[in-house]
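Asker: Mind having a look at this structure? Questions to follow.
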Amino acid sequence: MTDLPLHGAMPEARPARSILDLDPRTRARNRAEARFRAYGLGALLVGLFFLVLLLGSILLNGLSAFTQTRIQLPVELLESELDPQGTRDPAVIGETSSLGYGDLIEAAMVQAVAAAGVPTAIEPGDLEDILSPGAGAQIREAVLRDPSLIGQTVTFDLLASSRVDGYVKGRVTRESLANDRNLRPEHLDIVDAMREAGTIERGFNADFITGADASERRPEEAGMGVAMIGSLYTMLVVLALSLPIGVAASIYLEEFAPKNRFTDLIEVNIANLAAVPSIVYGILGLAVFIQFMGLPQSAPLVGGLVLTLLTLPTIIIATRASLKAVPPSIRDAALGVGASKMQSVFHHVLPLAIPGIMTGTIIGMAHALGETAPLLLIGMVGFVASNYPNGALDGFTSPNSAMPAQIYEWAKRADPAFYERAWGGIVILLVFLLLMNLAAVLVRRRFERRW
Amino acid sequence: MFHVKRPATALALVLAAAPALAQTRENVQVAGSSTVLPYATIVAEAFGENFDFPTPVVEGGGSGAGLARFCEGVGENQIDIANSSRPLRAGEFETCAANGVTDIIEVRIGYDGIVFASAKAGPAFAFTPEHWFNALAAQVVQDGQIVANPYTNWSQIDPALPDQEIAAFIPGTKHGTREVFEDNVILEGCEATGALEAFTASGLDEDAAEEACLTLRTDGVSTDIDGDYNETLARLDANPNGIGVFGLAFYENNTDRLQVATMSGVTPSTESIASGEYPVSRPLFFYVKKAHIGVIPGLKDFAEFFVSDDMAGPGGPLSDYGLVSDPELASVQEIVASETVMAAPAE
């Protein structure tokens with residue numbers, strides 16, 4: 001302790017009072033603190049409010065995409081139309097295009113309307129507007145799969161058109177159809193009658209999760225399935241490239257590289273790369289991978305390569321941070337018992353850093369999963385996700401889209417039914433992102449060690 | 001504990017596998033006009049369903065962007081077909097030729113109307129090209145004098161129009177629609193109001209006078225939309241006074257939110273466009289690289305299927321969606337069947 005007089009600097013004039021009685025300055029400080037807490041809480045509440053608003057509007061708009069209106073329709077598959085010679089040869093039956101099934105569908109609709117008992121002023125040829133324009137393709141596919149169906153009357157579970165689906169979901173009304181070319185209010189009388197009879201029903205829409213993209217005329221057929229496969233292949237490429245490259249680069253920089261101007265420059269550039277707008281990587285991908293290296297357009301392989309560039313800085317930064325977090329005593333101990341530098345890194349330091357590396361990788365991949373801009377330039381945005389890949393390897397090179405690109409594409413299209421699907425797609429994408437972030441949290445909780 | 005022993009092996013495997021995956025392209029690759037895009041997707045889907053070829057890939061991007069990509073060269077990594085809502089320009093044809101894209105087949109698929117539409121809740125409009133020229137041009141003629149555009153309200157231009165602030169959302173310059181809008185509406189209006197004459201009289205030569213006609217005001221009354229029609233629709237939602245330029249097919253899909261204006265007294269419809277009564281329509285095209293036929297499987301079949309009577313004919317899926325069928329479809333089919341290449345367009 002010191003011998004300095006305690007009262008030397010203090011003014012003696014201070015009046016004696018209870019410490020329970022706060023002086024004005026303390027009160028002001030306490031008020032400032034209370035205000036600051038209120039600001040913080042306010043900021044948190046504003047953030048929460050917007051989060052709830054966002055999630056609420058996504059779910060409100062998107063959940064209806066997971067249900068779909070379907071029509072049970074008995075169709076007489078006339079032999080005279082489909083296979084006049086009675087060969088039952090798929091090549092002969094295949095000659096009737098999906099448009100050629102229009103007459104059969106028209107006849108079936110006329111019968112179904114008669115069965116529902118609604119007198120209607122609609123021309124027989126316009127009745128099929130209740131059905132998806134894809135109905136012909138759906139029936140054709142069933143007939144080609146099983147030619148023995150020809151000659152029988154088969155009840156198909158067909159998709160309703162997007163307007164009818166919108167009516168059942170409450171999006172379309174009789175008033176909104178007043179000027180509509182695609183469906184007339186009179187059609188809705190038939191729909192009402194068929195709903196009462198139970199032949200039109202709204203059910204869970206598994207095709208939305210597993211299906212392929214559809215053209216502008218058939219929003220009711222469009223699904224996320226193929227785009228999900230595209231995202232999967234893209235992410236496989238990202239993982240296979242960015243993890244080894246990123247970890248190798250970080251280990252070298254952190255453990256082996258000499259500290260000089262050159263490595264400083266590299267470090268600064270890696271930090272800067274993390275901030276480069278993603279569209280720039282798309283242009284780079286187009287120039288290098290497609291035009292120079294000759295890789296195919298619209299391929300998840302190229303998408304993965306481009307997104308690898310985007311993910312690498314994130315992974316390198318996360319990996320270096322977790323390598324740094326391993327205490328030097330571990331390295332010293334390893335070196336002390338005679339391990340080489342490489343042995344100390346690979347046997348001791350890296351295993352301890354792996355939880356951090358995995359967290360960084362998962363977060364980087366989640367970031368890449370949600371990227372659209374770079375994919376724009378390499379042909380992965382558009383009417384692309386329409387075919388399932390032919391095989392496991394084909395998935396890398398056959399044209400495909402990715403989930404966020406598919407959402408963007410749907411949001412651009414004219415039919416309002418696509419807009420609903422875009423929101424539905426966002427729900428699916430969010431579920432994936434949530435799962436990946438959850439995995440990152442779990443990995444960290446489970447494996448992370450603190451010193 | 002994890003032991004990482006051979007990190008280099010996995011990396012080498014991945015790198016070695018990458019080039020081996022480059023192979024012959026099996027699908028037709030299409031890009032271009034966002035107006036033609038819906039039609040192309042409808043055909044592509046039906047093509048994939050009825051033929052043994054994979055469904056073609058169709059991208060958007062606008063006519064200009066699509067034709068630029070089309071002209072980049074010949075080869076598997078280049079697109080096979082460019083969609084366009086305007087004819088190929090002489091300059092583009094030269095760029096194509098310089099990059100080795102010499103034999104181009106021009107295919108006209110039909111006609112599309114351009115409509116002017118406003119929010120459903122607002123008043124109805126009956127336009128003439130003069131109205132649009134007076135509303136949007138940088139310089140207009142008032143009492144025989146060339147003046148900077150003074151109009152801010154439709155009723156100032158013509159008392160018959162509703163008393164509503166002028167707010168126009170027109171396609172940006174990268175869209176083919178813009179060119180039709182300029183040629184069939186603004187230039188028409190420029191002539192009809194006598195402004196073209198006044199510009200010529202003020203000492204400008206013919207080209208410069210036309211240029212003056214097409215110079216639009218930049219004071220925020222007219223907004224260029226570089227995105228798609230959905231963006232225009234969103235702008236109309238935000239600004240109830242707005243009037244947007246749309247394709248007929250887009251309007252017909254959104255009749256619950258839009259009301260269409262008449263042009264020179266004619267209501268746009270597939271019928272009035274086919275008959276030529278509705279003045280603002282334009283042909284839609286796609287361009288095929290002849291060098292790719294026979295190399296890319298299914299390319300010619302796709303082009304033939306696109307213009308077949310089943311697809312592009314009256315009553316087919318394309319006309320159901322809003323395309324006005326080409327009355328001379330048979331001659332177009334002949335061009336595709338015989339792979340007739342186009343001549344260089346005039347300057």
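Residue names in the structure tokens use chain letters A, B, ... in the order shown, residue numbers from 1 in each chain, and ligand numbers from 1 in the order shown.
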Would you please extract all strand (DSSP E or B) residues from region 130-176 of chain B, as assigned by DSSP on the backbone, and give them as a list in words?
Answerer: Ala137, Gln139, Val140, Val141, Gln142, Gln145, Ile146, Val147, Ala148, Asn153, Glu165, Ala168, Phe169, Ile170 and Pro171 of chain B
Asker: For all heavy atoms, I'd like the residues from the last selection saved as a compact mmCIF listing (two decimals), in the first residue's frame.
Answerer:
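Printed below is out_4.txt as written:
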# COMPACT_ATOMS: atom_id res chain seq x y z
N ALA B 137 -41.56 12.85 -75.62
CA ALA B 137 -40.43 13.41 -76.36
C ALA B 137 -39.78 14.55 -75.57
O ALA B 137 -40.44 15.22 -74.77
CB ALA B 137 -40.89 13.91 -77.72
N GLN B 139 -38.50 17.22 -76.95
CA GLN B 139 -38.95 18.48 -77.57
C GLN B 139 -40.23 18.21 -78.33
O GLN B 139 -40.33 17.23 -79.07
CB GLN B 139 -37.89 19.00 -78.54
CG GLN B 139 -36.64 19.49 -77.83
CD GLN B 139 -35.63 19.97 -78.83
OE1 GLN B 139 -35.31 19.28 -79.79
NE2 GLN B 139 -35.13 21.17 -78.62
N VAL B 140 -41.21 19.07 -78.14
CA VAL B 140 -42.46 18.92 -78.87
C VAL B 140 -42.79 20.24 -79.55
O VAL B 140 -42.14 21.27 -79.31
CB VAL B 140 -43.63 18.51 -77.93
CG1 VAL B 140 -43.37 17.16 -77.33
CG2 VAL B 140 -43.83 19.56 -76.86
N VAL B 141 -43.80 20.16 -80.40
CA VAL B 141 -44.21 21.37 -81.11
C VAL B 141 -45.46 21.93 -80.44
O VAL B 141 -46.44 21.21 -80.23
CB VAL B 141 -44.49 21.07 -82.59
CG1 VAL B 141 -45.14 22.27 -83.26
CG2 VAL B 141 -43.19 20.71 -83.29
N GLN B 142 -45.40 23.17 -80.02
CA GLN B 142 -46.56 23.82 -79.42
C GLN B 142 -46.77 25.15 -80.16
O GLN B 142 -45.82 25.94 -80.25
CB GLN B 142 -46.29 24.07 -77.92
CG GLN B 142 -47.52 23.95 -77.07
CD GLN B 142 -47.19 24.02 -75.60
OE1 GLN B 142 -46.15 24.54 -75.22
NE2 GLN B 142 -48.06 23.51 -74.76
N GLN B 145 -44.14 26.21 -82.61
CA GLN B 145 -42.77 26.42 -82.12
C GLN B 145 -42.24 25.12 -81.50
O GLN B 145 -43.01 24.37 -80.89
CB GLN B 145 -42.76 27.51 -81.03
CG GLN B 145 -43.20 28.87 -81.49
CD GLN B 145 -42.22 29.47 -82.49
OE1 GLN B 145 -41.02 29.45 -82.26
NE2 GLN B 145 -42.74 29.96 -83.61
N ILE B 146 -40.92 24.88 -81.67
CA ILE B 146 -40.31 23.74 -80.98
C ILE B 146 -39.97 24.17 -79.56
O ILE B 146 -39.23 25.14 -79.36
CB ILE B 146 -39.03 23.29 -81.71
CG1 ILE B 146 -39.38 22.84 -83.13
CG2 ILE B 146 -38.36 22.17 -80.95
CD1 ILE B 146 -38.17 22.49 -83.97
N VAL B 147 -40.55 23.47 -78.60
CA VAL B 147 -40.30 23.83 -77.19
C VAL B 147 -39.93 22.57 -76.42
O VAL B 147 -40.22 21.45 -76.84
CB VAL B 147 -41.56 24.45 -76.54
CG1 VAL B 147 -41.88 25.80 -77.17
CG2 VAL B 147 -42.74 23.51 -76.64
N ALA B 148 -39.25 22.77 -75.29
CA ALA B 148 -38.97 21.65 -74.40
C ALA B 148 -40.31 21.17 -73.84
O ALA B 148 -41.21 21.97 -73.58
CB ALA B 148 -38.06 22.09 -73.26
N ASN B 153 -49.37 16.41 -67.44
CA ASN B 153 -50.64 15.75 -67.17
C ASN B 153 -51.25 15.35 -68.50
O ASN B 153 -51.17 16.09 -69.48
CB ASN B 153 -51.55 16.74 -66.42
CG ASN B 153 -52.76 16.04 -65.84
OD1 ASN B 153 -53.50 15.38 -66.55
ND2 ASN B 153 -52.95 16.19 -64.54
N GLU B 165 -51.59 12.47 -63.85
CA GLU B 165 -50.18 12.79 -64.03
C GLU B 165 -49.54 11.80 -65.03
O GLU B 165 -49.87 10.62 -65.02
CB GLU B 165 -49.50 12.63 -62.67
CG GLU B 165 -48.21 13.35 -62.51
CD GLU B 165 -47.64 13.02 -61.13
OE1 GLU B 165 -48.39 13.11 -60.15
OE2 GLU B 165 -46.46 12.65 -61.09
N ALA B 168 -44.77 7.21 -67.23
CA ALA B 168 -44.71 6.11 -68.18
C ALA B 168 -43.57 5.17 -67.82
O ALA B 168 -42.50 5.61 -67.42
CB ALA B 168 -44.50 6.66 -69.59
N PHE B 169 -43.83 3.88 -67.94
CA PHE B 169 -42.79 2.87 -67.72
C PHE B 169 -42.60 2.12 -69.03
O PHE B 169 -43.44 1.30 -69.42
CB PHE B 169 -43.21 1.94 -66.59
CG PHE B 169 -43.35 2.66 -65.28
CD1 PHE B 169 -44.60 3.09 -64.83
CD2 PHE B 169 -42.23 2.96 -64.53
CE1 PHE B 169 -44.73 3.79 -63.65
CE2 PHE B 169 -42.35 3.66 -63.34
CZ PHE B 169 -43.59 4.08 -62.90
N ILE B 170 -41.52 2.46 -69.73
CA ILE B 170 -41.32 1.91 -71.07
C ILE B 170 -40.12 0.99 -71.06
O ILE B 170 -39.25 1.10 -70.20
CB ILE B 170 -41.13 3.04 -72.10
CG1 ILE B 170 -39.89 3.86 -71.75
CG2 ILE B 170 -42.36 3.93 -72.16
CD1 ILE B 170 -39.55 4.88 -72.81
N PRO B 171 -40.05 0.05 -72.00
CA PRO B 171 -38.94 -0.91 -72.02
C PRO B 171 -37.61 -0.21 -72.26
O PRO B 171 -37.54 0.76 -73.03
CB PRO B 171 -39.28 -1.85 -73.17
CG PRO B 171 -40.42 -1.25 -73.90
CD PRO B 171 -41.04 -0.23 -73.05
Asker: Excluding Pro129 (chain B) and any residue of its chain fewer than 4 positions from it, enumerate the residues within 10 Å of it, using only C-alpha atoms, and give them as a list in words.
Answerer: Phe133, Asn134, Ala135, Phe181, Asn184, Val185, Ile186, Leu187, Glu188, Gly189, Cys190, Glu191, Ala192, Thr193, Met263, Ser264, Pro279 and Val280 of chain B
Asker: Those same residues, written as a compact mmCIF listing (two decimals), in the first residue's frame with N, CA, C and O atoms?
Answerer:
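Now in out35.txt:
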# COMPACT_ATOMS: atom_id res chain seq x y z
N PHE B 133 -46.16 10.66 -78.19
CA PHE B 133 -45.04 11.51 -78.58
C PHE B 133 -45.03 12.77 -77.71
O PHE B 133 -44.00 13.16 -77.16
N ASN B 134 -46.19 13.38 -77.57
CA ASN B 134 -46.27 14.61 -76.78
C ASN B 134 -45.95 14.36 -75.31
O ASN B 134 -45.44 15.24 -74.62
N ALA B 135 -46.25 13.17 -74.84
CA ALA B 135 -46.00 12.89 -73.42
C ALA B 135 -44.52 12.63 -73.15
O ALA B 135 -44.01 13.00 -72.10
N PHE B 181 -41.67 0.18 -80.07
CA PHE B 181 -42.32 1.31 -79.43
C PHE B 181 -41.87 2.61 -80.09
O PHE B 181 -42.69 3.48 -80.41
N ASN B 184 -43.19 2.46 -84.07
CA ASN B 184 -44.63 2.45 -84.34
C ASN B 184 -45.41 3.46 -83.53
O ASN B 184 -46.57 3.72 -83.82
N VAL B 185 -44.82 3.98 -82.46
CA VAL B 185 -45.58 4.91 -81.64
C VAL B 185 -44.94 6.30 -81.67
O VAL B 185 -45.53 7.27 -82.15
N ILE B 186 -43.71 6.41 -81.18
CA ILE B 186 -43.10 7.72 -81.04
C ILE B 186 -42.88 8.38 -82.40
O ILE B 186 -43.27 9.53 -82.63
N LEU B 187 -42.30 7.61 -83.35
CA LEU B 187 -42.02 8.19 -84.66
C LEU B 187 -43.31 8.54 -85.39
O LEU B 187 -43.42 9.61 -86.02
N GLU B 188 -44.31 7.65 -85.28
CA GLU B 188 -45.63 7.92 -85.86
C GLU B 188 -46.19 9.22 -85.30
O GLU B 188 -46.68 10.08 -86.03
N GLY B 189 -46.10 9.32 -83.96
CA GLY B 189 -46.64 10.50 -83.30
C GLY B 189 -45.88 11.75 -83.70
O GLY B 189 -46.45 12.83 -83.85
N CYS B 190 -44.58 11.59 -83.90
CA CYS B 190 -43.73 12.71 -84.27
C CYS B 190 -44.18 13.26 -85.63
O CYS B 190 -44.31 14.47 -85.82
N GLU B 191 -44.47 12.33 -86.54
CA GLU B 191 -44.95 12.77 -87.85
C GLU B 191 -46.33 13.38 -87.74
O GLU B 191 -46.59 14.45 -88.30
N ALA B 192 -47.21 12.71 -86.99
CA ALA B 192 -48.60 13.14 -86.94
C ALA B 192 -48.76 14.51 -86.27
O ALA B 192 -49.64 15.29 -86.63
N THR B 193 -47.91 14.81 -85.28
CA THR B 193 -48.04 16.10 -84.61
C THR B 193 -47.36 17.21 -85.41
O THR B 193 -47.41 18.37 -85.03
N MET B 263 -55.48 1.85 -78.83
CA MET B 263 -54.53 2.68 -79.59
C MET B 263 -55.22 3.04 -80.89
O MET B 263 -55.67 2.14 -81.63
N SER B 264 -55.35 4.32 -81.17
CA SER B 264 -56.07 4.82 -82.34
C SER B 264 -57.45 4.16 -82.45
O SER B 264 -57.90 3.80 -83.54
N PRO B 279 -52.20 -1.09 -84.43
CA PRO B 279 -50.99 -0.63 -85.12
C PRO B 279 -49.66 -1.05 -84.47
O PRO B 279 -48.64 -1.09 -85.16
N VAL B 280 -49.65 -1.33 -83.17
CA VAL B 280 -48.36 -1.57 -82.53
C VAL B 280 -48.11 -3.07 -82.39
O VAL B 280 -48.36 -3.66 -81.35
Asker: Check the DSSP output for the backbone and give back, as a VMD selection string, the residues of region 190-275 of chain B in alpha helix (DSSP H).
Answerer: chain B and resid 190 to 192 195 to 201 206 to 214 229 to 238 248 to 253 270 to 274
Asker: Might you pull out every residue within 7 Å of region 105-119 of chain A, with only C-alpha atoms counted and same-chain residues fewer than 2 positions away left off, and present them as a PyMOL selection string?
Answerer: chain A and resi 74-76+101-103+124-125+127-128+190+193-194
Asker: Which residues come within 7 Å of region 399-416 of chain A, counting only C-alpha atoms, excluding same-chain residues fewer than 3 positions away, as a list in words?
Answerer: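 Answer for this query is Ala227, Met228, Gly230, Ser231, Ser298, Ala299, Pro300, Gly370, Glu371, Thr372, Met380, Val381, Gly382, Val384, Ala385, Tyr419, Glu420, Arg421, Ala422, Gly425, Ile426 and Leu429 of chain A; Asp228, Asn230, Phe250 and Asn253 of chain B.
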Asker: Which residue, B:Leu258, B:Val107, B:Leu299, B:Cys71, has the smallest gap to chain A when you use only C-alpha atoms?
Answerer: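 That would be B:Leu258, the residue with the smallest distance to chain A.
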Asker: Set the distance at 8 Å and use only C-alpha atoms: which residues neighbour region 142-153 of chain A once local chain neighbours fewer than 5 positions away are removed? I'd like the list as an mmCIF file with all heavy atoms, in the first residue's frame.
Answerer:
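Output contents, as saved in around_33.cif:
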data_model
loop_
_atom_site.group_PDB
_atom_site.id
_atom_site.type_symbol
_atom_site.label_atom_id
_atom_site.label_comp_id
_atom_site.auth_asym_id
_atom_site.auth_seq_id
_atom_site.Cartn_x
_atom_site.Cartn_y
_atom_site.Cartn_z
ATOM 1 N N PRO A 74 -62.240 -39.778 -65.954
ATOM 2 C CA PRO A 74 -62.202 -41.016 -66.737
ATOM 3 C C PRO A 74 -62.039 -40.671 -68.221
ATOM 4 O O PRO A 74 -62.818 -39.888 -68.759
ATOM 5 C CB PRO A 74 -63.573 -41.660 -66.475
ATOM 6 C CG PRO A 74 -64.298 -40.736 -65.543
ATOM 7 C CD PRO A 74 -63.598 -39.418 -65.531
ATOM 8 N N VAL A 75 -60.989 -41.208 -68.839
ATOM 9 C CA VAL A 75 -60.728 -40.918 -70.249
ATOM 10 C C VAL A 75 -60.812 -42.230 -71.024
ATOM 11 O O VAL A 75 -60.187 -43.227 -70.652
ATOM 12 C CB VAL A 75 -59.332 -40.296 -70.440
ATOM 13 C CG1 VAL A 75 -59.078 -39.996 -71.907
ATOM 14 C CG2 VAL A 75 -59.190 -39.042 -69.607
ATOM 15 N N GLU A 76 -61.609 -42.224 -72.089
ATOM 16 C CA GLU A 76 -61.697 -43.423 -72.928
ATOM 17 C C GLU A 76 -60.563 -43.381 -73.942
ATOM 18 O O GLU A 76 -60.508 -42.490 -74.783
ATOM 19 C CB GLU A 76 -63.058 -43.465 -73.636
ATOM 20 C CG GLU A 76 -63.320 -44.821 -74.259
ATOM 21 C CD GLU A 76 -64.653 -44.866 -74.996
ATOM 22 O OE1 GLU A 76 -65.376 -43.858 -74.989
ATOM 23 O OE2 GLU A 76 -64.939 -45.910 -75.597
ATOM 24 N N LEU A 77 -59.642 -44.316 -73.844
ATOM 25 C CA LEU A 77 -58.473 -44.318 -74.729
ATOM 26 C C LEU A 77 -58.830 -45.088 -75.997
ATOM 27 O O LEU A 77 -58.608 -46.289 -76.109
ATOM 28 C CB LEU A 77 -57.286 -44.956 -74.018
ATOM 29 C CG LEU A 77 -56.868 -44.225 -72.731
ATOM 30 C CD1 LEU A 77 -55.897 -45.066 -71.932
ATOM 31 C CD2 LEU A 77 -56.272 -42.875 -73.042
ATOM 32 N N LEU A 78 -59.421 -44.368 -76.958
ATOM 33 C CA LEU A 78 -59.933 -44.996 -78.169
ATOM 34 C C LEU A 78 -58.818 -45.613 -79.000
ATOM 35 O O LEU A 78 -57.835 -44.945 -79.309
ATOM 36 C CB LEU A 78 -60.663 -43.946 -79.020
ATOM 37 C CG LEU A 78 -61.990 -43.427 -78.466
ATOM 38 C CD1 LEU A 78 -62.466 -42.267 -79.296
ATOM 39 C CD2 LEU A 78 -63.016 -44.533 -78.453
ATOM 40 N N GLU A 79 -59.013 -46.870 -79.354
ATOM 41 C CA GLU A 79 -58.020 -47.544 -80.194
ATOM 42 C C GLU A 79 -57.945 -46.872 -81.566
ATOM 43 O O GLU A 79 -56.872 -46.731 -82.149
ATOM 44 C CB GLU A 79 -58.384 -49.014 -80.352
ATOM 45 C CG GLU A 79 -57.301 -49.829 -81.024
ATOM 46 C CD GLU A 79 -57.602 -51.301 -80.987
ATOM 47 O OE1 GLU A 79 -58.779 -51.670 -80.881
ATOM 48 O OE2 GLU A 79 -56.649 -52.091 -81.079
ATOM 49 N N LEU A 82 -55.537 -43.855 -81.212
ATOM 50 C CA LEU A 82 -54.160 -43.997 -80.751
ATOM 51 C C LEU A 82 -53.398 -45.091 -81.485
ATOM 52 O O LEU A 82 -52.188 -44.995 -81.649
ATOM 53 C CB LEU A 82 -54.144 -44.304 -79.251
ATOM 54 C CG LEU A 82 -54.841 -43.255 -78.383
ATOM 55 C CD1 LEU A 82 -54.852 -43.693 -76.938
ATOM 56 C CD2 LEU A 82 -54.152 -41.907 -78.516
ATOM 57 N N ASP A 83 -54.102 -46.120 -81.889
ATOM 58 C CA ASP A 83 -53.399 -47.264 -82.472
ATOM 59 C C ASP A 83 -54.340 -47.975 -83.430
ATOM 60 O O ASP A 83 -54.799 -49.074 -83.161
ATOM 61 C CB ASP A 83 -52.968 -48.204 -81.324
ATOM 62 C CG ASP A 83 -52.026 -49.279 -81.824
ATOM 63 O OD1 ASP A 83 -51.509 -49.137 -82.956
ATOM 64 O OD2 ASP A 83 -51.811 -50.251 -81.084
ATOM 65 N N ARG A 88 -50.016 -52.134 -80.928
ATOM 66 C CA ARG A 88 -49.520 -51.946 -79.554
ATOM 67 C C ARG A 88 -47.994 -51.756 -79.523
ATOM 68 O O ARG A 88 -47.324 -52.107 -78.567
ATOM 69 C CB ARG A 88 -49.890 -53.135 -78.644
ATOM 70 C CG ARG A 88 -51.389 -53.342 -78.467
ATOM 71 C CD ARG A 88 -52.026 -52.182 -77.711
ATOM 72 N NE ARG A 88 -53.429 -52.449 -77.425
ATOM 73 C CZ ARG A 88 -54.433 -52.150 -78.246
ATOM 74 N NH1 ARG A 88 -54.190 -51.543 -79.394
ATOM 75 N NH2 ARG A 88 -55.677 -52.432 -77.918
ATOM 76 N N ASP A 89 -47.466 -51.270 -80.637
ATOM 77 C CA ASP A 89 -46.026 -51.029 -80.715
ATOM 78 C C ASP A 89 -45.749 -49.608 -80.219
ATOM 79 O O ASP A 89 -46.301 -48.643 -80.760
ATOM 80 C CB ASP A 89 -45.587 -51.173 -82.181
ATOM 81 C CG ASP A 89 -44.111 -50.878 -82.367
ATOM 82 O OD1 ASP A 89 -43.441 -50.601 -81.350
ATOM 83 O OD2 ASP A 89 -43.649 -50.926 -83.516
ATOM 84 N N PRO A 90 -44.910 -49.428 -79.188
ATOM 85 C CA PRO A 90 -44.675 -48.091 -78.634
ATOM 86 C C PRO A 90 -44.251 -47.088 -79.700
ATOM 87 O O PRO A 90 -44.590 -45.904 -79.609
ATOM 88 C CB PRO A 90 -43.554 -48.314 -77.628
ATOM 89 C CG PRO A 90 -43.667 -49.739 -77.231
ATOM 90 C CD PRO A 90 -44.197 -50.471 -78.436
ATOM 91 N N ILE A 93 -47.486 -45.979 -81.331
ATOM 92 C CA ILE A 93 -48.306 -45.187 -80.398
ATOM 93 C C ILE A 93 -47.651 -43.833 -80.156
ATOM 94 O O ILE A 93 -48.322 -42.814 -80.021
ATOM 95 C CB ILE A 93 -48.470 -45.941 -79.064
ATOM 96 C CG1 ILE A 93 -49.055 -47.324 -79.323
ATOM 97 C CG2 ILE A 93 -49.367 -45.163 -78.121
ATOM 98 C CD1 ILE A 93 -48.964 -48.244 -78.143
ATOM 99 N N GLY A 94 -46.310 -43.841 -80.156
ATOM 100 C CA GLY A 94 -45.578 -42.610 -79.893
ATOM 101 C C GLY A 94 -45.775 -41.562 -80.968
ATOM 102 O O GLY A 94 -45.487 -40.394 -80.744
#
Asker: Which of these residues is nearest to chain A, using only C-alpha atoms: B:Met311, B:Val180, B:Ala124, B:Ile157?
Answerer: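 Once distances to chain A are computed over only C-alpha atoms, the minimum belongs to B:Met311.
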Asker: Nearest to Leu99 (chain A) among B:Pro150, B:Asn50, B:Ser34, B:Thr41, with distances taken over only C-alpha atoms: which residue is it?
Answerer: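 Checking each candidate against Leu99 (chain A), we get B:Asn50 as the closest.
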Asker: Go through A:Thr199, A:Asn260, A:Ser80, A:Thr173 and flag the residue nearest chain B, using only C-alpha atoms for the distances.
Answerer: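 Residue with the minimum atom-to-atom distance to chain B: A:Thr173.
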Asker: Contacts of Glu106 (chain B) at 8 Å or less, counting only C-alpha atoms, minus same-chain residues fewer than 3 places along, as a list in words?
Answerer: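 Answer for this query is Phe285, Phe286, Tyr287, Val288, Val341 and Met342 of chain B.
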Asker: Mind dumping the selected residues with all heavy atoms as a CSV table (one decimal), in the first residue's frame?
Answerer:
chain,number,residue,atom,x,y,z
B,285,PHE,N,-38.8,-13.4,-83.9
B,285,PHE,CA,-37.9,-14.2,-84.7
B,285,PHE,C,-37.1,-15.2,-83.8
B,285,PHE,O,-37.0,-14.9,-82.6
B,285,PHE,CB,-36.9,-13.4,-85.4
B,285,PHE,CG,-37.4,-12.4,-86.4
B,285,PHE,CD1,-37.7,-11.1,-86.0
B,285,PHE,CD2,-37.7,-12.7,-87.7
B,285,PHE,CE1,-38.2,-10.2,-86.9
B,285,PHE,CE2,-38.2,-11.8,-88.6
B,285,PHE,CZ,-38.4,-10.5,-88.2
B,286,PHE,N,-36.6,-16.2,-84.4
B,286,PHE,CA,-35.4,-16.8,-83.8
B,286,PHE,C,-34.4,-17.1,-84.9
B,286,PHE,O,-34.8,-17.3,-86.1
B,286,PHE,CB,-35.7,-18.1,-83.0
B,286,PHE,CG,-36.3,-19.3,-83.7
B,286,PHE,CD1,-35.4,-20.2,-84.2
B,286,PHE,CD2,-37.6,-19.5,-83.7
B,286,PHE,CE1,-35.9,-21.3,-84.8
B,286,PHE,CE2,-38.1,-20.7,-84.3
B,286,PHE,CZ,-37.2,-21.6,-84.9
B,287,TYR,N,-33.2,-17.1,-84.6
B,287,TYR,CA,-32.1,-17.3,-85.5
B,287,TYR,C,-31.3,-18.6,-85.2
B,287,TYR,O,-31.0,-18.8,-84.0
B,287,TYR,CB,-31.1,-16.1,-85.5
B,287,TYR,CG,-31.8,-14.8,-86.0
B,287,TYR,CD1,-32.5,-14.0,-85.1
B,287,TYR,CD2,-31.7,-14.5,-87.3
B,287,TYR,CE1,-33.1,-12.9,-85.6
B,287,TYR,CE2,-32.4,-13.4,-87.8
B,287,TYR,CZ,-33.1,-12.5,-86.9
B,287,TYR,OH,-33.7,-11.4,-87.4
B,288,VAL,N,-31.1,-19.3,-86.2
B,288,VAL,CA,-30.4,-20.6,-86.1
B,288,VAL,C,-29.1,-20.6,-86.8
B,288,VAL,O,-28.9,-20.1,-87.9
B,288,VAL,CB,-31.3,-21.8,-86.7
B,288,VAL,CG1,-30.7,-23.1,-86.3
B,288,VAL,CG2,-32.7,-21.7,-86.2
B,341,VAL,N,-30.5,-19.8,-95.8
B,341,VAL,CA,-29.8,-18.8,-95.0
B,341,VAL,C,-30.3,-17.4,-95.4
B,341,VAL,O,-30.7,-17.2,-96.5
B,341,VAL,CB,-28.3,-18.9,-95.0
B,341,VAL,CG1,-27.8,-20.2,-94.5
B,341,VAL,CG2,-27.8,-18.6,-96.4
B,342,MET,N,-30.2,-16.5,-94.4
B,342,MET,CA,-30.7,-15.2,-94.7
B,342,MET,C,-29.6,-14.3,-95.4
B,342,MET,O,-28.4,-14.6,-95.3
B,342,MET,CB,-31.0,-14.4,-93.3
B,342,MET,CG,-29.8,-14.2,-92.5
B,342,MET,SD,-30.3,-13.5,-90.8
B,342,MET,CE,-30.8,-11.8,-91.3
